[in-house]
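> Got a structure for you, start11.txt, holding compact mmCIF, C-alpha atoms.
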```
# COMPACT_ATOMS: atom_id res chain seq x y z
CA MET A 1 8.41 8.13 3.90
CA ASN A 2 10.76 7.39 6.79
CA VAL A 3 14.49 7.40 6.07
CA GLY A 4 14.93 4.63 8.65
CA LYS A 5 12.90 2.26 6.48
CA THR A 6 14.32 0.14 3.69
CA LEU A 7 13.64 1.03 0.07
CA PHE A 8 11.43 -2.05 -0.21
CA ALA A 9 9.33 -0.94 2.77
CA GLN A 10 8.95 2.55 1.30
CA VAL A 11 7.74 1.14 -2.02
CA MET A 12 5.28 -1.11 -0.19
CA GLU A 13 3.85 1.93 1.60
CA LEU A 14 2.34 2.99 -1.72
CA VAL A 15 0.11 -0.10 -1.73
CA PRO A 16 -3.43 0.75 -0.48
CA TRP A 17 -3.38 -1.82 2.31
CA THR A 18 -6.77 -0.86 3.78
CA SER A 19 -8.49 -1.41 0.45
CA PHE A 20 -6.42 -4.55 -0.07
CA SER A 21 -7.70 -5.94 3.25
CA ARG A 22 -11.27 -5.50 2.02
CA ILE A 23 -10.41 -7.33 -1.19
CA VAL A 24 -8.88 -10.22 0.77
CA GLN A 25 -11.93 -10.40 3.02
CA ARG A 26 -14.27 -10.40 0.01
CA HIS A 27 -12.49 -13.39 -1.53
CA GLY A 28 -11.76 -15.17 1.77
CA GLY A 29 -8.04 -15.09 1.09
CA ASP A 30 -6.92 -15.35 4.71
CA ALA A 31 -9.52 -17.90 5.85
CA GLY A 32 -7.78 -20.61 7.89
CA VAL A 33 -4.31 -19.19 7.22
CA ARG A 34 -1.66 -19.76 9.90
CA ARG A 35 1.48 -18.66 8.06
CA MET A 36 1.93 -16.15 5.25
CA ASN A 37 -1.29 -14.20 4.88
CA CYS A 38 -2.17 -12.49 1.60
CA ALA A 39 -0.35 -9.27 2.48
CA GLU A 40 2.83 -11.24 3.20
CA GLN A 41 2.35 -13.28 0.03
CA PHE A 42 2.22 -10.11 -2.06
CA ARG A 43 5.33 -8.75 -0.35
CA VAL A 44 7.23 -11.94 -1.17
CA MET A 45 6.00 -11.91 -4.78
CA ALA A 46 6.92 -8.23 -5.06
CA PHE A 47 10.40 -8.99 -3.71
CA ALA A 48 10.77 -11.77 -6.30
CA GLN A 49 9.77 -9.40 -9.12
CA LEU A 50 11.96 -6.50 -7.98
CA THR A 51 15.06 -8.66 -7.43
CA TRP A 52 14.46 -11.03 -10.39
CA ARG A 53 14.12 -14.28 -8.44
CA GLU A 54 13.30 -17.10 -10.85
CA SER A 55 12.30 -20.05 -8.66
CA LEU A 56 10.78 -20.93 -5.31
CA ARG A 57 14.14 -22.15 -4.02
CA ASP A 58 15.77 -18.93 -5.20
CA ILE A 59 13.26 -16.89 -3.18
CA GLU A 60 13.63 -19.11 -0.12
CA VAL A 61 17.45 -18.98 -0.11
CA THR A 62 17.67 -15.25 -0.77
CA LEU A 63 15.22 -14.33 1.99
CA GLY A 64 16.78 -16.91 4.31
CA ALA A 65 20.15 -15.22 3.86
CA ASN A 66 18.54 -11.95 5.00
CA ALA A 67 16.55 -13.37 7.93
CA GLY A 68 17.31 -10.36 10.11
CA LYS A 69 15.62 -8.05 7.58
CA LEU A 70 12.36 -9.96 7.15
CA TYR A 71 10.52 -8.02 9.85
CA SER A 72 11.33 -4.72 8.14
CA MET A 73 9.81 -6.21 4.96
CA GLY A 74 6.54 -6.89 6.77
CA LEU A 75 7.12 -10.65 7.15
CA ARG A 76 6.47 -12.30 10.51
CA ASN A 77 8.09 -15.66 9.75
CA SER A 78 10.74 -17.15 7.52
CA VAL A 79 9.61 -17.95 4.00
CA HIS A 80 9.47 -21.58 2.87
CA ARG A 81 9.00 -22.52 -0.76
CA SER A 82 6.26 -25.03 0.04
CA THR A 83 4.24 -22.36 1.88
CA LEU A 84 4.57 -19.91 -1.00
CA ALA A 85 3.72 -22.59 -3.57
CA ASP A 86 0.57 -23.59 -1.64
CA ALA A 87 -0.46 -19.94 -1.32
CA ASN A 88 -0.08 -19.31 -5.06
CA ASP A 89 -2.02 -22.46 -5.90
CA SER A 90 -4.90 -22.04 -3.46
CA ARG A 91 -5.64 -18.33 -3.05
CA ASP A 92 -7.99 -16.82 -5.60
CA TRP A 93 -6.08 -15.01 -8.36
CA ARG A 94 -8.84 -12.39 -8.41
CA ILE A 95 -7.35 -10.95 -5.20
CA TRP A 96 -4.34 -9.83 -7.21
CA SER A 97 -6.34 -8.69 -10.23
CA ASP A 98 -8.46 -6.50 -7.94
CA LEU A 99 -5.31 -5.09 -6.32
CA ALA A 100 -3.87 -4.34 -9.77
CA ALA A 101 -7.13 -2.58 -10.69
CA LEU A 102 -6.78 -0.32 -7.61
CA LEU A 103 -3.21 0.59 -8.55
CA ILE A 104 -4.17 1.12 -12.19
CA ARG A 105 -6.90 3.61 -11.25
CA ARG A 106 -4.40 5.54 -9.14
CA ALA A 107 -1.73 5.51 -11.87
CA ARG A 108 -4.14 6.65 -14.59
CA LYS A 109 -5.12 9.66 -12.48
CA LEU A 110 -1.44 10.57 -12.14
CA TYR A 111 -0.76 10.24 -15.87
CA LYS A 112 -3.99 11.70 -17.25
CA GLY A 113 -2.24 14.99 -18.04
CA GLU A 114 0.45 13.36 -20.20
CA ASP A 115 0.77 14.80 -23.70
CA LEU A 116 0.15 12.35 -26.53
CA GLY A 117 1.52 14.72 -29.12
CA LEU A 118 -1.69 14.38 -31.15
CA ASP A 119 -3.62 17.49 -30.05
CA LEU A 120 -6.34 15.28 -28.55
CA THR A 121 -8.17 15.58 -25.25
CA SER A 122 -9.88 12.19 -25.61
CA THR A 123 -8.51 9.03 -24.05
CA VAL A 124 -6.63 6.83 -26.52
CA TYR A 125 -6.34 3.08 -25.98
CA ALA A 126 -4.25 0.54 -27.85
CA LEU A 127 -5.58 -3.04 -27.90
CA ASP A 128 -3.46 -6.11 -28.56
CA ALA A 129 -2.56 -9.53 -27.16
CA THR A 130 0.70 -11.35 -26.48
CA THR A 131 1.33 -15.08 -26.12
CA ILE A 132 3.35 -16.54 -23.26
CA ASP A 133 4.59 -20.01 -24.20
CA LEU A 134 4.31 -22.86 -21.69
CA CYS A 135 5.17 -26.55 -21.55
CA LEU A 136 2.16 -28.68 -22.55
CA SER A 137 3.05 -31.56 -20.21
CA LEU A 138 3.06 -29.22 -17.18
CA PHE A 139 0.36 -26.72 -18.18
CA ASP A 140 -2.22 -29.00 -19.81
CA TRP A 141 -5.04 -26.61 -18.80
CA ALA A 142 -3.77 -24.03 -21.35
CA PRO A 143 -3.83 -25.77 -24.77
CA PHE A 144 -2.44 -23.84 -27.71
CA ARG A 145 -1.10 -26.22 -30.33
CA SER A 146 -0.68 -29.97 -30.54
CA THR A 147 2.73 -29.83 -28.88
CA LYS A 148 2.61 -26.53 -27.03
CA ALA A 149 0.67 -24.79 -24.27
CA ALA A 150 0.34 -21.04 -23.83
CA VAL A 151 -1.61 -18.26 -22.18
CA LYS A 152 -2.65 -15.05 -23.88
CA MET A 153 -2.52 -11.67 -22.21
CA HIS A 154 -5.13 -9.43 -23.87
CA THR A 155 -4.31 -5.85 -22.92
CA LEU A 156 -5.99 -2.49 -23.40
CA LEU A 157 -3.26 0.11 -22.87
CA ASP A 158 -3.99 3.71 -21.96
CA LEU A 159 -1.43 5.58 -24.06
CA ARG A 160 -1.22 8.41 -21.52
CA GLY A 161 1.53 6.88 -19.43
CA ALA A 162 1.37 3.41 -21.00
CA ILE A 163 -0.81 2.08 -18.15
CA PRO A 164 -2.84 -1.10 -18.79
CA ALA A 165 -6.50 -0.18 -18.31
CA PHE A 166 -7.85 -3.69 -18.93
CA ILE A 167 -6.21 -7.13 -18.98
CA HIS A 168 -7.76 -10.50 -19.71
CA ILE A 169 -5.74 -13.71 -19.38
CA SER A 170 -6.95 -16.67 -21.44
CA ASP A 171 -5.59 -19.91 -22.84
CA GLY A 172 -3.67 -19.73 -26.09
CA LYS A 173 -6.57 -20.87 -28.28
CA MET A 174 -8.79 -17.87 -27.64
CA GLY A 175 -8.99 -15.66 -30.72
CA ASP A 176 -7.89 -12.08 -30.23
CA VAL A 177 -11.11 -10.63 -31.64
CA ASN A 178 -13.22 -12.41 -29.00
CA VAL A 179 -11.98 -10.03 -26.32
CA LEU A 180 -14.17 -7.33 -27.88
CA ASP A 181 -17.20 -9.14 -26.44
CA PHE A 182 -16.35 -8.11 -22.88
CA LEU A 183 -14.08 -5.12 -23.42
CA PRO A 184 -15.22 -2.07 -21.39
CA VAL A 185 -16.18 0.66 -23.87
CA GLU A 186 -15.82 4.32 -22.93
CA ALA A 187 -17.86 6.83 -24.93
CA GLY A 188 -15.70 9.37 -26.72
CA ALA A 189 -12.50 7.34 -26.37
CA PHE A 190 -10.39 6.04 -29.27
CA TYR A 191 -9.60 2.32 -29.57
CA VAL A 192 -6.63 1.59 -31.84
CA MET A 193 -6.12 -2.02 -32.93
CA ASP A 194 -4.64 -4.05 -35.77
CA ARG A 195 -6.68 -5.83 -38.44
CA GLY A 196 -6.91 -9.00 -36.36
CA TYR A 197 -9.75 -7.25 -34.53
CA LEU A 198 -11.69 -6.41 -37.70
CA ASP A 199 -15.14 -7.80 -36.98
CA PHE A 200 -17.86 -5.49 -38.27
CA ALA A 201 -20.60 -6.67 -35.92
CA ARG A 202 -18.42 -6.10 -32.85
CA LEU A 203 -17.09 -2.78 -34.18
CA TYR A 204 -20.64 -1.57 -34.81
CA LYS A 205 -21.50 -2.23 -31.15
CA MET A 206 -18.51 -0.07 -30.22
CA HIS A 207 -19.77 2.61 -32.62
CA GLN A 208 -23.25 2.51 -31.06
CA ALA A 209 -21.68 2.94 -27.61
CA GLY A 210 -20.24 6.27 -28.73
CA ALA A 211 -16.60 5.20 -28.98
CA PHE A 212 -14.24 5.61 -31.93
CA PHE A 213 -12.06 2.89 -33.43
CA VAL A 214 -9.05 2.99 -35.74
CA THR A 215 -7.96 -0.23 -37.42
CA ARG A 216 -6.56 -1.52 -40.70
CA ALA A 217 -8.54 -2.92 -43.60
CA LYS A 218 -8.01 -6.46 -44.79
CA ARG A 219 -7.12 -7.25 -48.37
CA GLY A 220 -10.04 -7.89 -50.65
CA MET A 221 -12.55 -6.07 -48.44
CA ASN A 222 -15.79 -5.71 -50.41
CA ALA A 223 -16.80 -2.05 -50.18
CA ARG A 224 -17.85 0.80 -52.48
CA ARG A 225 -16.78 4.42 -52.42
CA VAL A 226 -19.50 6.93 -51.51
CA TYR A 227 -17.52 10.16 -51.30
CA SER A 228 -13.90 11.29 -51.63
CA ALA A 229 -12.43 14.26 -49.76
CA GLN A 230 -9.61 16.35 -51.14
CA THR A 231 -6.13 15.30 -50.00
CA ASP A 232 -2.57 16.52 -50.29
CA ARG A 233 -0.53 13.59 -51.50
CA ALA A 234 2.69 15.30 -50.43
CA THR A 235 1.70 14.53 -46.82
CA GLY A 236 1.41 10.81 -47.60
CA VAL A 237 -2.40 10.72 -47.62
CA ILE A 238 -3.36 9.14 -50.95
CA CYS A 239 -7.12 9.17 -50.43
CA ASP A 240 -9.71 9.95 -47.75
CA GLN A 241 -13.05 8.33 -48.54
CA SER A 242 -16.44 7.52 -47.11
CA ILE A 243 -17.37 3.94 -47.97
CA ALA A 244 -20.30 1.58 -47.60
CA MET A 245 -19.98 -2.16 -47.25
CA ASN A 246 -21.18 -4.52 -49.97
CA GLY A 247 -22.61 -7.95 -49.30
CA PHE A 248 -25.83 -8.97 -47.58
CA TYR A 249 -24.43 -10.11 -44.24
CA VAL A 250 -21.70 -7.51 -43.78
CA CYS A 251 -24.23 -4.74 -44.45
CA LYS A 252 -26.31 -6.09 -41.61
CA ASP A 253 -23.26 -6.23 -39.36
CA TYR A 254 -22.28 -2.61 -40.11
CA PRO A 255 -25.18 -0.77 -41.80
CA GLU A 256 -23.59 2.71 -41.65
CA GLN A 257 -20.77 4.29 -43.62
CA LEU A 258 -17.12 4.03 -42.67
CA ARG A 259 -14.14 6.24 -43.37
CA ARG A 260 -11.26 4.72 -45.37
CA ILE A 261 -7.85 6.41 -45.48
CA ARG A 262 -5.04 5.22 -47.72
CA PHE A 263 -1.69 6.39 -46.40
CA LYS A 264 1.85 5.90 -47.73
CA ASP A 265 4.38 5.90 -44.92
CA PRO A 266 7.24 8.19 -46.00
CA GLU A 267 9.70 6.30 -43.76
CA THR A 268 9.06 2.74 -44.96
CA GLY A 269 7.35 3.37 -48.30
CA LYS A 270 4.54 0.98 -47.32
CA THR A 271 0.94 1.81 -48.16
CA LEU A 272 -1.53 1.27 -45.30
CA VAL A 273 -5.31 1.39 -45.42
CA PHE A 274 -7.07 2.54 -42.24
CA LEU A 275 -10.72 2.18 -41.27
CA THR A 276 -12.38 4.39 -38.69
CA ASN A 277 -15.80 5.62 -37.66
CA ASN A 278 -14.45 9.09 -36.83
CA THR A 279 -15.21 11.64 -39.54
CA SER A 280 -13.88 14.83 -37.95
CA LEU A 281 -10.17 14.26 -37.30
CA PRO A 282 -7.65 15.02 -40.06
CA ALA A 283 -6.42 12.00 -41.99
CA LEU A 284 -2.84 12.52 -40.75
CA THR A 285 -4.08 12.39 -37.15
CA ILE A 286 -5.78 9.05 -37.84
CA ALA A 287 -2.49 7.75 -39.29
CA ALA A 288 -0.60 9.02 -36.23
CA LEU A 289 -3.13 7.35 -33.94
CA TYR A 290 -2.53 4.00 -35.59
CA LYS A 291 1.22 4.48 -35.37
CA SER A 292 0.88 5.06 -31.61
CA ARG A 293 -0.51 1.51 -31.32
CA TRP A 294 3.10 0.34 -31.27
CA GLN A 295 3.31 1.37 -27.61
CA VAL A 296 1.34 -1.71 -26.60
CA GLU A 297 3.96 -3.86 -28.36
CA LEU A 298 6.65 -2.05 -26.37
CA PHE A 299 4.68 -2.75 -23.18
CA PHE A 300 4.63 -6.48 -23.91
CA LYS A 301 8.34 -6.56 -24.72
CA TRP A 302 9.16 -4.55 -21.63
CA ILE A 303 7.33 -6.72 -19.11
CA LYS A 304 8.61 -9.92 -20.71
CA GLN A 305 12.20 -8.74 -20.49
CA HIS A 306 12.16 -6.96 -17.12
CA LEU A 307 9.53 -8.82 -15.07
CA ARG A 308 9.22 -12.50 -14.20
CA ILE A 309 6.35 -13.78 -16.35
CA LYS A 310 8.23 -16.29 -18.52
CA LYS A 311 9.31 -18.66 -15.74
CA PHE A 312 6.49 -19.54 -13.38
CA LEU A 313 6.58 -20.54 -9.71
CA GLY A 314 3.64 -22.94 -10.10
CA THR A 315 1.95 -24.96 -12.82
CA SER A 316 -1.73 -24.50 -11.94
CA GLU A 317 -3.92 -21.92 -13.67
CA ASN A 318 -4.36 -20.06 -10.39
CA ALA A 319 -0.59 -19.87 -9.77
CA VAL A 320 0.12 -18.60 -13.28
CA LYS A 321 -2.56 -15.90 -13.11
CA THR A 322 -1.41 -14.93 -9.61
CA GLN A 323 2.16 -14.38 -10.82
CA ILE A 324 1.08 -12.40 -13.89
CA TRP A 325 -1.21 -10.12 -11.90
CA CYS A 326 1.48 -9.56 -9.24
CA ALA A 327 3.91 -8.61 -12.02
CA VAL A 328 1.38 -6.14 -13.46
CA SER A 329 0.88 -4.67 -9.97
CA ILE A 330 4.63 -4.12 -9.56
CA TYR A 331 4.88 -2.53 -13.01
CA VAL A 332 2.11 -0.06 -12.13
CA LEU A 333 3.54 0.50 -8.63
CA ILE A 334 6.92 1.54 -10.06
CA ALA A 335 5.11 3.79 -12.55
CA ILE A 336 3.39 5.45 -9.55
CA VAL A 337 6.75 5.89 -7.80
CA LYS A 338 8.20 7.50 -10.93
CA LYS A 339 5.34 9.97 -11.26
CA GLU A 340 4.88 10.86 -7.59
CA LEU A 341 8.61 11.48 -7.10
CA GLN A 342 8.81 13.26 -10.49
CA LEU A 343 11.77 11.20 -11.67
CA ASP A 344 13.22 11.49 -15.16
CA ALA A 345 14.77 8.01 -15.17
CA SER A 346 13.06 5.21 -17.11
CA LEU A 347 11.28 2.31 -15.42
CA TYR A 348 14.16 0.07 -16.46
CA THR A 349 16.61 2.26 -14.52
CA LEU A 350 14.36 2.38 -11.45
CA LEU A 351 14.06 -1.41 -11.42
CA GLN A 352 17.81 -1.78 -11.81
CA ILE A 353 18.43 0.42 -8.77
CA LEU A 354 15.79 -1.29 -6.64
CA SER A 355 16.99 -4.77 -7.61
CA VAL A 356 20.35 -4.24 -5.88
CA SER A 357 19.31 -1.93 -3.04
CA VAL A 358 15.95 -3.12 -1.69
CA PHE A 359 17.42 -3.49 1.82
CA GLU A 360 19.17 -0.10 1.86
CA LYS A 361 17.88 2.34 4.49
CA THR A 362 17.79 5.62 2.65
CA GLN A 363 15.23 8.04 1.30
CA LEU A 364 13.52 6.54 -1.75
CA SER A 365 13.61 9.77 -3.72
CA GLY A 366 17.34 10.19 -3.05
CA ALA A 367 18.16 6.61 -3.99
CA LEU A 368 16.32 6.84 -7.30
CA LEU A 369 17.50 10.35 -8.17
CA LEU A 370 20.50 9.83 -10.42
CA SER A 371 23.35 12.33 -10.22
CA PHE A 372 25.31 10.62 -13.01
CA PRO A 373 24.32 9.13 -16.37
CA ILE A 374 23.99 5.38 -16.73
CA PRO A 375 22.88 3.28 -19.70
CA GLU A 376 19.08 3.13 -19.80
CA ALA A 377 18.96 -0.40 -21.21
CA PRO A 378 21.20 -3.07 -22.72
CA LEU A 379 22.50 -2.47 -26.22
CA GLY A 380 19.80 -3.09 -28.79
CA ALA A 381 16.92 -2.79 -26.31
CA ASN A 382 16.24 0.95 -26.41
CA GLN A 383 12.78 0.30 -27.82
CA LEU A 384 11.82 -1.29 -24.49
CA ASN A 385 12.09 1.96 -22.56
CA LEU A 386 8.48 2.93 -21.89
CA PHE A 387 8.05 6.43 -20.45
CA ASN A 388 11.19 7.56 -22.29
CA PHE A 389 10.18 8.10 -25.90
```
Could you show the structure in this file as structure tokens?

Amino acid sequence: MNVGKTLFAQVMELVPWTSFSRIVQRHGGDAGVRRMNCAEQFRVMAFAQLTWRESLRDIEVTLGANAGKLYSMGLRNSVHRSTLADANDSRDWRIWSDLAALLIRRARKLYKGEDLGLDLTSTVYALDATTIDLCLSLFDWAPFRSTKAAVKMHTLLDLRGAIPAFIHISDGKMGDVNVLDFLPVEAGAFYVMDRGYLDFARLYKMHQAGAFFVTRAKRGMNARRVYSAQTDRATGVICDQSIAMNGFYVCKDYPEQLRRIRFKDPETGKTLVFLTNNTSLPALTIAALYKSRWQVELFFKWIKQHLRIKKFLGTSENAVKTQIWCAVSIYVLIAIVKKELQLDASLYTLLQILSVSVFEKTQLSGALLLSFPIPEAPLGANQLNLFNF
């Protein structure tokens, strides 16, 4: 990276522009474009995310005040809010989802050696969804309730590095469990999810694909005990059983035996009942796997607080998905910067530094390498510091 380049330009160098050009060509993103091609559009959206711009006018005024620095950002012309709005509305959002997929593959390779603290070599995923509320009168294509619109962000998070391996954006009415119908299943991997995803027919398909799942049982589940293993109640494991489902239809949905673990959390005193198709791991490891699912909740809180996905620059479905995918791309890009430069600071700290120094001409590693302690996050938000557990 050249010291004579701005920090923003150095971050943008990590984007695989050659592969991005092929993506744009595949979707016809630059067909008939005279101003602001797709590469420039992404740079502007990245600038808005890094510097926390919240409106089209905000972006236009801020970049207009730095007109002499636009060329160093990779922009040929001044940025007008109407041009950016048209680009977000008209250019296929799949361009940005494909770019995010490229960055995700790169980030997962960098973080694949991260220690989960569970003595596991298998990949562990946490599955969950978050709702982003919208105004029904402006976003009528995303119905949720009678007086509210919303989109759902269904996310499969790779717990090694907290990198999203799969994201599906739907309207607010889509049930969480339905995402299992098109979720990519990796043999040998663990999928940790809450009881909202308890659908025996779908879980059996995951079992047949060679993957493992860990979830919670619902109250009143009709099942019979087949075998009980010995447990040490001092560890919190009350029982470790093999069970078979009762009922005509549920037996057809899941004809094999399941493992049921009843665990009393020593910290909260709550008793939790886990279901899994894995029979070899210790019961405490299964409980620890489910506890690690909380990282996907932290991911949702983090991106909602530190990236711009609550106020949208457009009201169309394409504009909303474009902004969300650009935000995900920036999240992963900063995670790549952190790993490649071997920085100890949290993503929150890196974003704070970049937000006020994107036009500084200094070495990126030197600018992000802190020589003095600063608060990692606002008071009461320590749980939002991914990569800093």
> For region 129-210 of chain A against region 253-265 of chain A, with a cut-off of 7 Å and counting all atoms listed in the file, what is the closest atom pair and its distance in Å to one decimal for every residue that makes the cut, ordered by chain and number, as CSV?

```
residue,atom,partner,partner_atom,distance
A:Phe200,CA,A:Asp253,CA,5.6
A:Ala201,CA,A:Asp253,CA,4.4
A:Tyr204,CA,A:Tyr254,CA,5.6
```
> Could you tell me which of A:Tyr331, A:Pro282, A:Leu307, A:Gln342 comes closest to Arg53 (chain A) if we count only C-alpha atoms?
A:Leu307
> Skip region 41-45 of chain A itself and residues of its chain fewer than 2 positions away, then list as a PyMOL selection string all residues within 9 Å of it, counting only C-alpha atoms.
chain A and resi 12+36-39+47-50+59+63+73-75+79+84+87-88+96+323+326-327
> CA of Trp93 (chain A) and CA of Thr322 (chain A) are how many Å apart?
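These atoms are spaced 4.8 Å apart.
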> Please determine, counting all atoms listed in the file, which residue among A:Ala283, A:Val192, A:Ile167, A:Leu313 has the shortest atom-to-atom distance to Asp89 (chain A).
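Among the listed residues, the smallest separation from Asp89 (chain A) belongs to A:Leu313.
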> Name all residues at most 9 Å from Ser329 (chain A) (count only C-alpha atoms; drop same-chain ones fewer than 5 positions away) and give them as a list in words.
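Neighbouring residues, sequence-local ones excluded: Ala46, Trp96, Ser97, Leu99, Ala100, Ala101, Leu103, Ile104, Ile324 and Ile334 of chain A.
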> May I have the protein, DNA and RNA residues with an atom at most 9 Å from (16.2, 7.6, 3.6), counting only C-alpha atoms in the file's coordinates, returned as a ChimeraX atom specification?
/A:1-7,360-367
> Any idea what the distance is between CA of Ala67 (chain A) and CA of Ser55 (chain A)?
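Value for the CA of Ala67 (chain A)-CA of Ser55 (chain A) distance: 18.4 Å.
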